[in-house]
file data10.cif (mmCIF, C-alpha atoms)
data_upload
#
loop_
_atom_site.label_atom_id
_atom_site.label_comp_id
_atom_site.auth_asym_id
_atom_site.auth_seq_id
_atom_site.Cartn_x
_atom_site.Cartn_y
_atom_site.Cartn_z
CA MET A 1 0.00 0.00 0.00
CA ALA A 2 2.68 2.46 1.05
CA ALA A 3 4.80 1.43 -1.92
CA ALA A 4 1.89 2.00 -4.29
CA MET A 5 1.34 5.50 -2.93
CA GLU A 6 5.00 6.29 -3.34
CA THR A 7 4.92 5.15 -6.96
CA ASP A 8 1.97 7.47 -7.58
CA GLN A 9 3.85 10.40 -6.14
CA PHE A 10 7.17 9.61 -7.85
CA PRO A 11 6.30 7.82 -11.11
CA CYS A 12 9.77 8.23 -12.65
CA VAL A 13 12.26 5.70 -11.32
CA LEU A 14 15.85 4.90 -12.24
CA THR A 15 18.04 2.32 -10.56
CA VAL A 16 21.82 2.59 -10.85
CA GLN A 17 24.14 -0.24 -9.89
CA VAL A 18 27.84 0.51 -9.57
CA PRO A 19 30.20 -2.43 -9.08
CA PHE A 20 33.35 -1.73 -7.04
CA PRO A 21 36.46 -3.93 -6.80
CA THR A 22 36.07 -4.31 -3.03
CA ALA A 23 33.31 -4.00 -0.45
CA ARG A 24 35.46 -1.38 1.33
CA LEU A 25 35.42 0.96 -1.68
CA ALA A 26 31.69 0.43 -2.21
CA SER A 27 31.10 1.37 1.41
CA VAL A 28 33.36 4.46 1.16
CA ALA A 29 31.41 5.63 -1.91
CA LEU A 30 28.09 5.08 -0.17
CA GLN A 31 29.10 7.00 2.93
CA SER A 32 30.68 9.87 0.99
CA LEU A 33 27.67 10.35 -1.27
CA GLN A 34 24.69 9.84 1.02
CA VAL A 35 25.35 12.76 3.39
CA ASP A 36 24.31 15.66 1.15
CA LYS A 37 20.64 16.38 0.58
CA GLU A 38 19.35 15.56 -2.87
CA LEU A 39 18.62 18.38 -5.29
CA PRO A 40 15.97 19.09 -6.46
CA PRO A 41 14.02 18.37 -3.27
CA ALA A 42 11.20 16.57 -5.09
CA SER A 43 13.51 13.72 -6.02
CA ASP A 44 13.84 10.92 -3.57
CA ALA A 45 17.04 8.96 -3.34
CA ASN A 46 17.38 5.61 -1.69
CA THR A 47 20.91 4.36 -1.40
CA THR A 48 21.95 1.00 -0.08
CA GLY A 49 25.40 -0.50 -0.11
CA ASP A 50 25.32 -4.27 0.22
CA GLN A 51 28.00 -6.75 1.25
CA ASP A 52 28.79 -7.75 -2.32
CA LYS A 53 30.81 -4.77 -3.57
CA THR A 54 27.94 -3.15 -5.47
CA LEU A 55 26.48 0.26 -4.79
CA HIS A 56 22.73 0.35 -5.46
CA VAL A 57 21.05 3.69 -5.90
CA GLU A 58 17.40 4.16 -6.68
CA TYR A 59 16.18 7.56 -7.76
CA ARG A 60 12.48 8.44 -7.76
CA ALA A 61 11.17 11.74 -9.04
CA THR A 62 7.94 13.43 -10.03
CA THR A 63 9.09 14.18 -13.59
CA ASN A 64 11.67 12.72 -15.96
CA ARG A 65 13.37 16.09 -16.06
CA MET A 66 13.87 16.12 -12.29
CA LEU A 67 15.06 12.52 -12.45
CA ARG A 68 17.67 13.47 -15.05
CA VAL A 69 18.93 16.43 -12.98
CA ALA A 70 19.24 14.29 -9.84
CA VAL A 71 20.99 11.41 -11.59
CA ASN A 72 23.35 13.75 -13.47
CA SER A 73 24.36 15.36 -10.20
CA PHE A 74 24.89 11.93 -8.63
CA MET A 75 27.05 10.82 -11.57
CA GLU A 76 29.24 13.92 -11.31
CA SER A 77 29.88 13.30 -7.63
CA LEU A 78 30.40 9.57 -8.19
CA ASN A 79 32.98 10.36 -10.85
CA LEU A 80 34.89 12.53 -8.35
CA VAL A 81 34.76 9.86 -5.64
CA ILE A 82 36.13 7.21 -8.04
CA GLU A 83 38.87 9.54 -9.22
CA VAL A 84 39.90 10.21 -5.61
CA MET A 85 39.97 6.45 -4.96
CA GLU A 86 42.02 5.82 -8.08
CA HIS A 87 44.70 8.40 -7.35
CA LEU A 88 44.64 9.12 -3.62
CA ASP A 89 43.87 5.87 -1.81
CA ALA A 90 46.42 4.96 0.85
CA ASP A 91 47.73 1.89 -1.04
CA VAL A 92 48.07 3.85 -4.32
CA LEU A 93 50.15 6.54 -2.60
CA ALA A 94 52.21 3.93 -0.72
CA ALA A 95 52.94 2.01 -3.94
CA GLU A 96 54.05 5.24 -5.63
CA ALA A 97 56.27 6.23 -2.72
CA HIS A 98 57.82 2.76 -2.90
CA SER A 99 58.49 2.91 -6.64
CA THR A 100 60.12 6.38 -6.60
CA MET B 101 53.27 14.73 22.03
CA ALA B 102 54.24 14.76 18.36
CA PRO B 103 53.06 17.54 16.03
CA LEU B 104 49.59 17.02 14.57
CA TYR B 105 48.94 17.21 10.84
CA ALA B 106 45.84 18.27 8.95
CA LEU B 107 44.89 18.27 5.30
CA GLY B 108 42.60 21.26 4.64
CA CYS B 109 40.16 21.33 1.73
CA GLU B 110 38.59 24.61 0.67
CA GLY B 111 36.13 25.25 -2.13
CA SER B 112 33.48 27.72 -1.05
CA ALA B 113 33.90 30.13 -3.97
CA ASN B 114 35.91 30.00 -7.21
CA LYS B 115 39.14 28.98 -5.46
CA LEU B 116 39.95 25.32 -4.91
CA GLY B 117 42.57 25.14 -2.17
CA ILE B 118 44.18 22.12 -0.57
CA GLY B 119 47.03 22.29 1.89
CA VAL B 120 48.84 20.46 4.63
CA ILE B 121 49.58 22.17 7.93
CA SER B 122 50.99 20.96 11.24
CA HIS B 123 50.53 22.25 14.77
CA ASP B 124 52.55 21.24 17.81
CA PRO B 125 50.35 21.61 20.91
CA ALA B 126 53.42 21.48 23.16
CA THR B 127 55.18 24.50 21.62
CA ASN B 128 52.15 26.08 19.89
CA LYS B 129 54.24 26.20 16.69
CA THR B 130 52.52 26.04 13.31
CA LYS B 131 54.23 24.84 10.14
CA ILE B 132 52.89 25.04 6.59
CA LEU B 133 53.93 22.04 4.51
CA SER B 134 52.03 22.86 1.36
CA ASN B 135 49.46 25.38 0.17
CA ILE B 136 48.13 24.69 -3.33
CA ARG B 137 45.38 26.66 -5.03
CA HIS B 138 43.69 26.46 -8.41
CA THR B 139 41.33 29.29 -9.37
CA PHE B 140 38.40 29.13 -11.76
CA VAL B 141 38.76 32.27 -13.90
CA SER B 142 35.71 33.28 -15.92
CA PRO B 143 35.96 35.42 -19.11
CA PRO B 144 35.96 39.25 -18.79
CA GLY B 145 32.50 40.66 -18.16
CA THR B 146 31.20 37.45 -16.59
CA GLY B 147 31.02 36.02 -13.10
CA PHE B 148 31.64 32.47 -11.95
CA LEU B 149 28.47 30.37 -11.97
CA PRO B 150 28.02 27.62 -9.34
CA LYS B 151 27.62 24.89 -11.98
CA ASP B 152 30.82 25.73 -13.86
CA THR B 153 32.73 26.32 -10.63
CA ALA B 154 31.64 22.94 -9.22
CA ALA B 155 32.78 21.27 -12.45
CA HIS B 156 36.14 23.04 -12.14
CA HIS B 157 36.60 21.85 -8.54
CA ARG B 158 35.70 18.27 -9.45
CA ALA B 159 38.05 18.32 -12.42
CA HIS B 160 41.01 19.63 -10.42
CA PHE B 161 40.53 18.07 -6.97
CA VAL B 162 42.79 15.07 -7.54
CA SER B 163 45.63 16.99 -9.20
CA VAL B 164 45.57 19.77 -6.57
CA ALA B 165 45.44 17.20 -3.74
CA ARG B 166 48.35 15.26 -5.21
CA GLU B 167 50.37 18.43 -5.53
CA ALA B 168 49.58 19.34 -1.92
CA LEU B 169 50.71 15.89 -0.75
CA ARG B 170 53.79 15.72 -2.93
CA ALA B 171 55.21 18.84 -1.32
CA TRP B 172 55.76 17.04 1.98
CA ALA B 173 56.46 13.68 0.83
CA PRO B 174 27.85 23.28 -5.99
CA PRO B 175 31.53 23.99 -5.40
CA LEU B 176 31.85 23.46 -1.64
CA THR B 177 29.76 20.30 -1.74
CA SER B 178 31.97 18.81 -4.48
CA VAL B 179 34.97 19.40 -2.24
CA ALA B 180 33.11 17.96 0.77
CA VAL B 181 32.34 14.76 -1.18
CA ALA B 182 36.05 14.36 -1.96
CA ALA B 183 37.10 15.24 1.61
CA ARG B 184 34.72 12.58 2.97
CA THR B 185 36.13 10.01 0.55
CA LEU B 186 39.70 10.82 1.65
CA SER B 187 38.73 10.62 5.32
CA LEU B 188 37.28 7.13 4.81
CA LEU B 189 40.08 5.89 2.55
CA TRP B 190 42.76 7.02 4.97
CA GLY B 191 40.85 6.26 8.18
CA LEU B 192 41.22 9.83 9.46
CA ASP B 193 38.85 12.05 11.44
CA LEU B 194 36.76 14.60 9.60
CA VAL B 195 36.55 18.10 11.11
CA GLY B 196 34.10 20.62 9.64
CA VAL B 197 35.42 24.19 9.69
CA ASN B 198 33.67 27.55 9.58
CA HIS B 199 35.19 29.40 6.64
CA CYS B 200 35.56 32.73 8.47
CA VAL B 201 37.13 31.11 11.54
CA GLY B 202 39.66 29.55 9.14
CA HIS B 203 40.55 33.01 7.81
CA ILE B 204 40.88 34.48 11.32
CA GLU B 205 43.10 31.71 12.74
CA MET B 206 45.34 31.76 9.65
CA GLY B 207 45.68 35.55 9.92
CA ARG B 208 46.56 35.34 13.62
CA VAL B 209 49.24 32.70 13.06
CA ILE B 210 50.85 34.43 10.07
CA THR B 211 50.85 37.97 11.50
CA GLY B 212 51.26 37.20 15.19
CA ALA B 213 48.36 39.50 16.09
CA ASP B 214 47.12 37.86 19.30
CA ASN B 215 43.80 39.58 19.92
CA PRO B 216 42.92 41.92 17.07
CA VAL B 217 39.68 43.42 15.83
CA VAL B 218 39.16 41.48 12.60
CA LEU B 219 37.90 42.92 9.34
CA TYR B 220 36.80 39.99 7.19
CA VAL B 221 36.34 41.18 3.62
CA SER B 222 35.85 38.89 0.64
CA GLY B 223 33.59 38.25 -2.32
CA GLY B 224 30.99 36.61 -0.11
CA ASN B 225 31.39 38.26 3.30
CA THR B 226 31.96 41.62 4.94
CA GLN B 227 32.14 41.54 8.73
CA VAL B 228 33.82 43.40 11.59
CA ILE B 229 34.59 40.87 14.29
CA ALA B 230 36.03 40.95 17.81
CA TYR B 231 36.80 38.04 20.12
CA ALA B 232 35.14 37.77 23.52
CA GLU B 233 34.60 34.76 25.74
CA GLN B 234 35.33 31.97 23.25
CA ARG B 235 33.31 33.45 20.38
CA TYR B 236 34.23 35.59 17.41
CA ARG B 237 31.48 38.16 17.76
CA ILE B 238 30.13 40.09 14.78
CA PHE B 239 30.09 43.83 15.51
CA GLY B 240 29.03 44.99 12.10
CA GLU B 241 28.46 43.58 8.66
CA THR B 242 27.10 44.32 5.22
CA LEU B 243 23.35 44.66 4.92
CA ASP B 244 23.32 43.41 1.33
CA ILE B 245 26.20 42.31 -0.92
CA ALA B 246 29.82 41.80 0.17
CA VAL B 247 32.40 44.47 -0.61
CA GLY B 248 34.35 42.01 -2.80
CA ASN B 249 31.18 41.21 -4.73
CA CYS B 250 30.62 44.94 -5.28
CA ILE B 251 34.17 45.32 -6.67
CA ASP B 252 33.99 42.09 -8.75
CA ARG B 253 30.70 43.08 -10.31
CA PHE B 254 31.97 46.54 -11.11
CA ALA B 255 34.95 44.89 -12.84
CA ARG B 256 32.37 43.02 -14.93
CA THR B 257 30.67 46.33 -15.79
CA LEU B 258 34.01 47.62 -17.09
CA ALA B 259 34.68 44.18 -18.69
CA ILE B 260 38.22 44.08 -17.33
CA PRO B 261 39.93 40.66 -16.97
CA ASN B 262 39.12 38.31 -14.08
CA ASP B 263 42.70 37.02 -14.10
CA PRO B 264 44.33 36.74 -11.54
CA PHE B 265 41.24 38.15 -9.82
CA PRO B 266 38.99 41.13 -10.60
CA GLY B 267 39.84 43.10 -7.44
CA TYR B 268 43.52 43.06 -8.38
CA ASN B 269 42.78 44.61 -11.78
CA VAL B 270 40.51 47.25 -10.23
CA GLU B 271 43.36 48.10 -7.84
CA GLN B 272 45.86 48.45 -10.71
CA LEU B 273 43.48 50.72 -12.66
CA ALA B 274 42.93 52.84 -9.54
CA LYS B 275 46.71 53.35 -9.25
CA LYS B 276 46.77 54.62 -12.84
CA ALA B 277 44.33 57.39 -11.86
CA PHE B 278 47.37 59.18 -10.38
CA PHE B 279 48.94 59.52 -13.83
CA GLU B 280 48.05 61.02 -17.18
CA PRO B 281 47.40 58.51 -20.01
CA ASP B 282 51.13 58.72 -20.88
CA GLY B 283 51.76 56.85 -17.61
CA ALA B 284 54.52 59.25 -16.48
CA THR B 285 53.05 62.69 -15.81
CA GLU B 286 51.44 62.85 -12.39
CA ARG B 287 47.89 64.12 -11.98
CA GLU B 288 45.37 64.48 -9.17
CA PRO B 289 42.84 61.63 -9.41
CA VAL B 290 39.21 62.70 -9.67
CA LEU B 291 36.98 61.56 -6.82
CA LEU B 292 33.58 61.18 -8.49
CA ASP B 293 30.31 61.36 -6.62
CA LEU B 294 29.21 58.04 -5.08
CA PRO B 295 26.89 57.41 -2.13
CA TYR B 296 28.46 56.63 1.25
CA ALA B 297 26.39 54.03 3.09
CA VAL B 298 27.36 53.40 6.71
CA LYS B 299 24.44 52.62 9.01
CA GLY B 300 25.59 52.33 12.60
CA MET B 301 28.08 49.48 12.63
CA ASP B 302 26.75 48.08 9.37
CA CYS B 303 27.26 49.13 5.78
CA SER B 304 25.65 48.63 2.41
CA PHE B 305 27.25 48.20 -1.02
CA SER B 306 24.50 47.43 -3.52
CA GLY B 307 23.45 51.09 -3.95
CA ILE B 308 27.06 52.10 -4.44
CA LEU B 309 27.46 49.45 -7.15
CA GLY B 310 24.29 50.76 -8.84
CA ALA B 311 25.58 54.33 -8.75
CA ALA B 312 29.01 53.27 -10.06
CA ASP B 313 27.33 51.37 -12.90
CA LEU B 314 25.41 54.54 -13.82
CA LEU B 315 28.65 56.53 -13.94
CA ALA B 316 30.15 53.82 -16.17
CA ALA B 317 27.13 54.08 -18.49
CA GLN B 318 27.61 57.86 -18.60
CA MET B 319 31.29 57.31 -19.46
CA ARG B 320 30.32 55.08 -22.41
CA LYS B 321 27.95 57.76 -23.69
CA GLN B 322 30.84 60.24 -23.53
CA ASP B 323 33.05 57.75 -25.40
CA ALA B 324 30.43 57.42 -28.17
CA LEU B 325 29.88 61.19 -28.35
CA LEU B 326 33.59 61.97 -28.60
CA ALA B 327 34.15 59.18 -31.13
CA SER B 328 31.48 60.66 -33.39
CA GLY B 329 33.24 64.04 -33.30
CA GLY B 330 31.00 65.65 -30.66
CA SER B 331 32.17 67.43 -27.54
CA LEU B 332 31.19 67.34 -23.88
CA LYS B 333 28.87 69.94 -22.36
CA GLU B 334 30.58 72.85 -20.72
CA GLY B 335 31.72 71.94 -17.22
CA GLU B 336 31.03 68.24 -17.75
CA GLU B 337 33.76 66.06 -16.27
CA ARG B 338 35.28 63.42 -18.56
CA ILE B 339 34.87 60.10 -16.75
CA THR B 340 37.64 57.49 -17.07
CA PRO B 341 37.76 53.83 -15.94
CA GLU B 342 40.80 54.74 -13.81
CA ASP B 343 38.94 57.47 -11.90
CA LEU B 344 35.94 55.16 -11.51
CA CYS B 345 38.06 52.42 -9.95
CA PHE B 346 39.84 54.95 -7.74
CA THR B 347 36.51 56.42 -6.59
CA LEU B 348 34.95 53.04 -5.88
CA GLN B 349 37.94 51.89 -3.81
CA GLU B 350 38.24 55.13 -1.84
CA THR B 351 34.52 55.15 -1.04
CA VAL B 352 34.03 51.55 0.05
CA PHE B 353 37.36 51.36 1.90
CA ALA B 354 36.58 54.57 3.82
CA MET B 355 33.34 52.94 4.97
CA LEU B 356 35.20 49.82 6.11
CA VAL B 357 37.80 51.91 7.97
CA GLU B 358 35.04 53.83 9.72
CA ILE B 359 33.21 50.78 11.09
CA THR B 360 36.48 49.05 12.00
CA GLU B 361 37.65 52.12 13.93
CA ARG B 362 34.37 52.21 15.84
CA ALA B 363 34.75 48.54 16.80
CA MET B 364 38.35 49.15 17.95
CA ALA B 365 37.20 52.05 20.14
CA HIS B 366 34.42 49.90 21.56
CA VAL B 367 36.56 46.92 22.56
CA GLY B 368 39.68 48.98 23.35
CA SER B 369 41.92 47.15 20.89
CA LYS B 370 44.87 48.68 19.05
CA GLN B 371 45.36 45.81 16.59
CA VAL B 372 43.38 45.34 13.42
CA LEU B 373 43.71 42.19 11.35
CA VAL B 374 42.41 42.24 7.77
CA VAL B 375 41.51 38.82 6.34
CA GLY B 376 39.68 37.58 3.25
CA GLY B 377 40.44 38.15 -0.42
CA VAL B 378 39.88 41.93 -0.36
CA GLY B 379 42.40 42.03 2.51
CA CYS B 380 45.31 41.77 0.10
CA ASN B 381 44.34 45.11 -1.51
CA GLU B 382 47.28 47.37 -0.65
CA ARG B 383 45.20 50.53 -0.68
CA LEU B 384 42.84 49.05 1.93
CA GLN B 385 45.85 48.02 4.04
CA GLU B 386 47.29 51.54 3.70
CA MET B 387 44.05 53.29 4.72
CA MET B 388 43.57 50.88 7.62
CA GLY B 389 47.20 51.49 8.65
CA LEU B 390 46.71 55.27 8.76
CA MET B 391 43.67 54.88 11.01
CA ALA B 392 45.38 52.34 13.28
CA ARG B 393 48.50 54.52 13.59
CA ASP B 394 46.35 57.49 14.69
CA ARG B 395 45.08 55.24 17.46
CA GLY B 396 48.61 54.20 18.43
CA GLY B 397 48.20 50.74 16.95
CA SER B 398 48.89 48.89 13.75
CA VAL B 399 47.34 46.88 10.97
CA TYR B 400 48.10 43.20 10.41
CA ALA B 401 47.58 41.84 6.93
CA THR B 402 48.82 38.92 4.87
CA ASP B 403 49.62 38.52 1.20
CA GLU B 404 47.50 36.62 -1.32
CA ARG B 405 48.94 33.20 -0.32
CA PHE B 406 47.07 33.41 2.97
CA CYS B 407 44.31 36.01 2.69
CA ILE B 408 42.72 34.54 -0.44
CA ASP B 409 40.81 31.30 0.22
CA ASN B 410 43.21 28.40 0.73
CA GLY B 411 43.33 24.88 2.11
CA ILE B 412 45.71 25.40 5.02
CA MET B 413 43.43 27.89 6.76
CA ILE B 414 40.81 25.13 6.86
CA GLY B 415 43.51 22.67 8.00
CA LEU B 416 44.67 25.00 10.78
CA ALA B 417 41.22 25.79 12.19
CA GLY B 418 40.41 22.07 11.92
CA LEU B 419 43.58 21.14 13.86
CA LEU B 420 42.87 23.62 16.64
CA ALA B 421 39.33 22.27 17.00
CA TRP B 422 40.54 18.65 16.84
CA GLU B 423 43.03 19.27 19.64
CA THR B 424 40.14 20.31 21.89
CA GLY B 425 38.35 17.03 21.12
CA PHE B 426 36.03 18.29 18.38
CA ARG B 427 35.04 15.85 15.61
CA THR B 428 32.39 16.13 12.90
CA PRO B 429 30.23 12.99 12.78
CA PHE B 430 30.06 11.70 9.22
CA GLU B 431 26.31 12.12 8.91
CA ASP B 432 26.65 15.79 9.92
CA SER B 433 29.36 16.61 7.38
CA THR B 434 27.13 18.72 5.14
CA CYS B 435 27.76 22.27 3.95
CA THR B 436 25.63 25.35 4.40
CA GLN B 437 25.97 28.97 3.36
CA ARG B 438 24.21 29.96 6.59
CA PHE B 439 26.93 29.11 9.10
CA ARG B 440 27.63 32.32 10.97
CA THR B 441 31.00 33.19 12.45
CA ASP B 442 29.62 33.53 15.97
CA GLU B 443 28.10 30.02 15.99
CA VAL B 444 31.50 28.42 16.56
CA HIS B 445 32.67 27.71 20.11
CA ILE B 446 36.32 28.84 20.08
CA LYS B 447 37.36 26.30 22.67
CA TRP B 448 41.08 26.61 21.88
CA ARG B 449 41.31 30.19 23.15
CA SER B 450 41.17 30.85 26.87
CA ASP B 451 41.85 34.61 26.92
#

call {"tool": "encode", "arguments": {"input": "data10.cif", "output": "structure tokens"}}
result
Amino acid sequence: MAAAMETDQFPCVLTVQVPFPTARLASVALQSLQVDKELPPASDANTTGDQDKTLHVEYRATTNRMLRVAVNSFMESLNLVIEVMEHLDADVLAAEAHST
Amino acid sequence: MAPLYALGCEGSANKLGIGVISHDPATNKTKILSNIRHTFVSPPGTGFLPKDTAAHHRAHFVSVAREALRAWAPPLTSVAVAARTLSLLWGLDLVGVNHCVGHIEMGRVITGADNPVVLYVSGGNTQVIAYAEQRYRIFGETLDIAVGNCIDRFARTLAIPNDPFPGYNVEQLAKKAFFEPDGATEREPVLLDLPYAVKGMDCSFSGILGAADLLAAQMRKQDALLASGGSLKEGEERITPEDLCFTLQETVFAMLVEITERAMAHVGSKQVLVVGGVGCNERLQEMMGLMARDRGGSVYATDERFCIDNGIMIGLAGLLAWETGFRTPFEDSTCTQRFRTDEVHIKWRSD
């Protein structure tokens, strides 16, 4: 019942699944991204990080346009998080220090 | 106890700053290990939009962070996302910092001013602040736009370059008002008529910007008239960009000096510390110095490495808070533009 009402209110839904190499990185991404409030406010994000290294994000919005804005913004932040992991994770820096 | 280290991440306006700073609680010595900044410069006549600025910060975060580390071995939210990721990857505490408190603590460390009245002037803020009982208290502030915003937007009106930053180019033009167009013969600059808007301890800049824009429009009409072979009306003053910049600076800086002087008289302080991006304007420092000297005191200011937004000021204020046991829980690590200077408990000062 509650789910049906939610679907009425937010008919536009998009689910994004992002696989990470380790559960640790998936959890870091989840925690880094879920703190900020979603924009625009009408969109409703539901983020869950599971044990199996995959970040699941479900976006629900009132219009497709709002859905696109919310998902675009998520993708931009996700891109930054992955870039930080790729170049600034402790083991990456340690390996570089070792090789130079 | 060994020195403590902090990595500061700053991105509240068009500057992305990341730096590493250390503080030794035993000796109270501060050491800057790196201070890297990358500025988003928009084309002449335009301002920096949040969307483009956020994209800039995302694009440069990793390279700026790597540069900051190498040295020793909307925009703010983008930086917060990356700071959170680093905190988790490295297993380090996250400490949220009030931007203005970062400016004040950096200014105190660099200049050695122990308990000054602080004038905080930037593109987003204009406040006169004095410390009392573990708070930086706001004595006066702008009622509308920040003084730096007023200057930046006037630079857009004149369509002068935003590189390295608009206020710098306004300052250089204002200096040229003391010379004829040949650049050698000295002249008396013309102080044009602009409103002067001090209201008690507060001031207002939007009306001044409007009036300056009108004078600039009048100047363009004169340009067109003279170009088409016409001549000015008798007694009409020829307006130049140099005199306009000179007039704008003299007017708004006089207002800032007035409210700062009143705060100094009120709290009985002889030191004035100027922080924030506008604080590296040498004319503002000079005018503030004249006032402070009359009161038997002096002005403390820093150069653009420290007064323009940077990462180490965030690192320093974060370290000082961390040493007193302050931590920002992960779920509270959001950003807001409505975080006032006087909301922060300055637990690290006991005077």

call {"tool": "resolve_selection", "arguments": {"input": "data10.cif", "expression": "the PyMOL selection byres ((chain A) within 12 of (chain B))", "output": "compact mmCIF listing (two decimals) with C-alpha atoms, in the frame of the given file"}}
result
# COMPACT_ATOMS: atom_id res chain seq x y z
CA ARG A 24 35.46 -1.38 1.33
CA LEU A 25 35.42 0.96 -1.68
CA ALA A 26 31.69 0.43 -2.21
CA SER A 27 31.10 1.37 1.41
CA VAL A 28 33.36 4.46 1.16
CA ALA A 29 31.41 5.63 -1.91
CA LEU A 30 28.09 5.08 -0.17
CA GLN A 31 29.10 7.00 2.93
CA SER A 32 30.68 9.87 0.99
CA LEU A 33 27.67 10.35 -1.27
CA GLN A 34 24.69 9.84 1.02
CA VAL A 35 25.35 12.76 3.39
CA ASP A 36 24.31 15.66 1.15
CA LYS A 37 20.64 16.38 0.58
CA GLU A 38 19.35 15.56 -2.87
CA LEU A 39 18.62 18.38 -5.29
CA SER A 73 24.36 15.36 -10.20
CA PHE A 74 24.89 11.93 -8.63
CA MET A 75 27.05 10.82 -11.57
CA GLU A 76 29.24 13.92 -11.31
CA SER A 77 29.88 13.30 -7.63
CA LEU A 78 30.40 9.57 -8.19
CA ASN A 79 32.98 10.36 -10.85
CA LEU A 80 34.89 12.53 -8.35
CA VAL A 81 34.76 9.86 -5.64
CA ILE A 82 36.13 7.21 -8.04
CA GLU A 83 38.87 9.54 -9.22
CA VAL A 84 39.90 10.21 -5.61
CA MET A 85 39.97 6.45 -4.96
CA GLU A 86 42.02 5.82 -8.08
CA HIS A 87 44.70 8.40 -7.35
CA LEU A 88 44.64 9.12 -3.62
CA ASP A 89 43.87 5.87 -1.81
CA ALA A 90 46.42 4.96 0.85
CA ASP A 91 47.73 1.89 -1.04
CA VAL A 92 48.07 3.85 -4.32
CA LEU A 93 50.15 6.54 -2.60
CA ALA A 94 52.21 3.93 -0.72
CA GLU A 96 54.05 5.24 -5.63
CA ALA A 97 56.27 6.23 -2.72
CA HIS A 98 57.82 2.76 -2.90
CA THR A 100 60.12 6.38 -6.60

call {"tool": "resolve_selection", "arguments": {"input": "data10.cif", "expression": "the PyMOL selection byres ((chain B and resi 138-143) around 12)", "output": "JSON, numbers by chain"}}
result
{"B": [109, 110, 111, 112, 113, 114, 115, 116, 117, 118, 119, 135, 136, 137, 144, 145, 146, 147, 148, 149, 150, 151, 152, 153, 154, 155, 156, 157, 158, 159, 160, 161, 162, 163, 164, 165, 167, 168, 175, 252, 255, 256, 259, 260, 261, 262, 263, 264, 265, 266, 405, 408, 409, 410, 411]}

call {"tool": "write_last_selection", "arguments": {"input": "data10.cif", "atoms": "C-alpha atoms", "output": "short mmCIF file (atom, residue, chain, number, x, y, z; two decimals), in the frame of the given file"}}
result
data_model
loop_
_atom_site.label_atom_id
_atom_site.label_comp_id
_atom_site.auth_asym_id
_atom_site.auth_seq_id
_atom_site.Cartn_x
_atom_site.Cartn_y
_atom_site.Cartn_z
CA CYS B 109 40.16 21.33 1.73
CA GLU B 110 38.59 24.61 0.67
CA GLY B 111 36.13 25.25 -2.13
CA SER B 112 33.48 27.72 -1.05
CA ALA B 113 33.90 30.13 -3.97
CA ASN B 114 35.91 30.00 -7.21
CA LYS B 115 39.14 28.98 -5.46
CA LEU B 116 39.95 25.32 -4.91
CA GLY B 117 42.57 25.14 -2.17
CA ILE B 118 44.18 22.12 -0.57
CA GLY B 119 47.03 22.29 1.89
CA ASN B 135 49.46 25.38 0.17
CA ILE B 136 48.13 24.69 -3.33
CA ARG B 137 45.38 26.66 -5.03
CA PRO B 144 35.96 39.25 -18.79
CA GLY B 145 32.50 40.66 -18.16
CA THR B 146 31.20 37.45 -16.59
CA GLY B 147 31.02 36.02 -13.10
CA PHE B 148 31.64 32.47 -11.95
CA LEU B 149 28.47 30.37 -11.97
CA PRO B 150 28.02 27.62 -9.34
CA LYS B 151 27.62 24.89 -11.98
CA ASP B 152 30.82 25.73 -13.86
CA THR B 153 32.73 26.32 -10.63
CA ALA B 154 31.64 22.94 -9.22
CA ALA B 155 32.78 21.27 -12.45
CA HIS B 156 36.14 23.04 -12.14
CA HIS B 157 36.60 21.85 -8.54
CA ARG B 158 35.70 18.27 -9.45
CA ALA B 159 38.05 18.32 -12.42
CA HIS B 160 41.01 19.63 -10.42
CA PHE B 161 40.53 18.07 -6.97
CA VAL B 162 42.79 15.07 -7.54
CA SER B 163 45.63 16.99 -9.20
CA VAL B 164 45.57 19.77 -6.57
CA ALA B 165 45.44 17.20 -3.74
CA GLU B 167 50.37 18.43 -5.53
CA ALA B 168 49.58 19.34 -1.92
CA PRO B 175 31.53 23.99 -5.40
CA ASP B 252 33.99 42.09 -8.75
CA ALA B 255 34.95 44.89 -12.84
CA ARG B 256 32.37 43.02 -14.93
CA ALA B 259 34.68 44.18 -18.69
CA ILE B 260 38.22 44.08 -17.33
CA PRO B 261 39.93 40.66 -16.97
CA ASN B 262 39.12 38.31 -14.08
CA ASP B 263 42.70 37.02 -14.10
CA PRO B 264 44.33 36.74 -11.54
CA PHE B 265 41.24 38.15 -9.82
CA PRO B 266 38.99 41.13 -10.60
CA ARG B 405 48.94 33.20 -0.32
CA ILE B 408 42.72 34.54 -0.44
CA ASP B 409 40.81 31.30 0.22
CA ASN B 410 43.21 28.40 0.73
CA GLY B 411 43.33 24.88 2.11
#

call {"tool": "atom_distance", "arguments": {"input": "data10.cif", "atom1": "CA of Ile412 in chain B", "atom2": "CA of Thr130 in chain B"}}
result
10.7 Å

call {"tool": "atom_distance", "arguments": {"input": "data10.cif", "atom1": "CA of Val195 in chain B", "atom2": "CA of Cys380 in chain B"}}
result
27.5 Å

call {"tool": "closest_residue", "arguments": {"input": "data10.cif", "among": "B:Ser134, B:Ser450, B:Thr428, B:Gln272", "to": "Leu194 in chain B", "atoms": "only C-alpha atoms"}}
result
B:Thr428

call {"tool": "resolve_selection", "arguments": {"input": "data10.cif", "expression": "the PyMOL selection byres ((chain B and resi 400) around 7)", "output": "PyMOL selection string"}}
result
chain B and resi 211+213+372-374+398-399+401
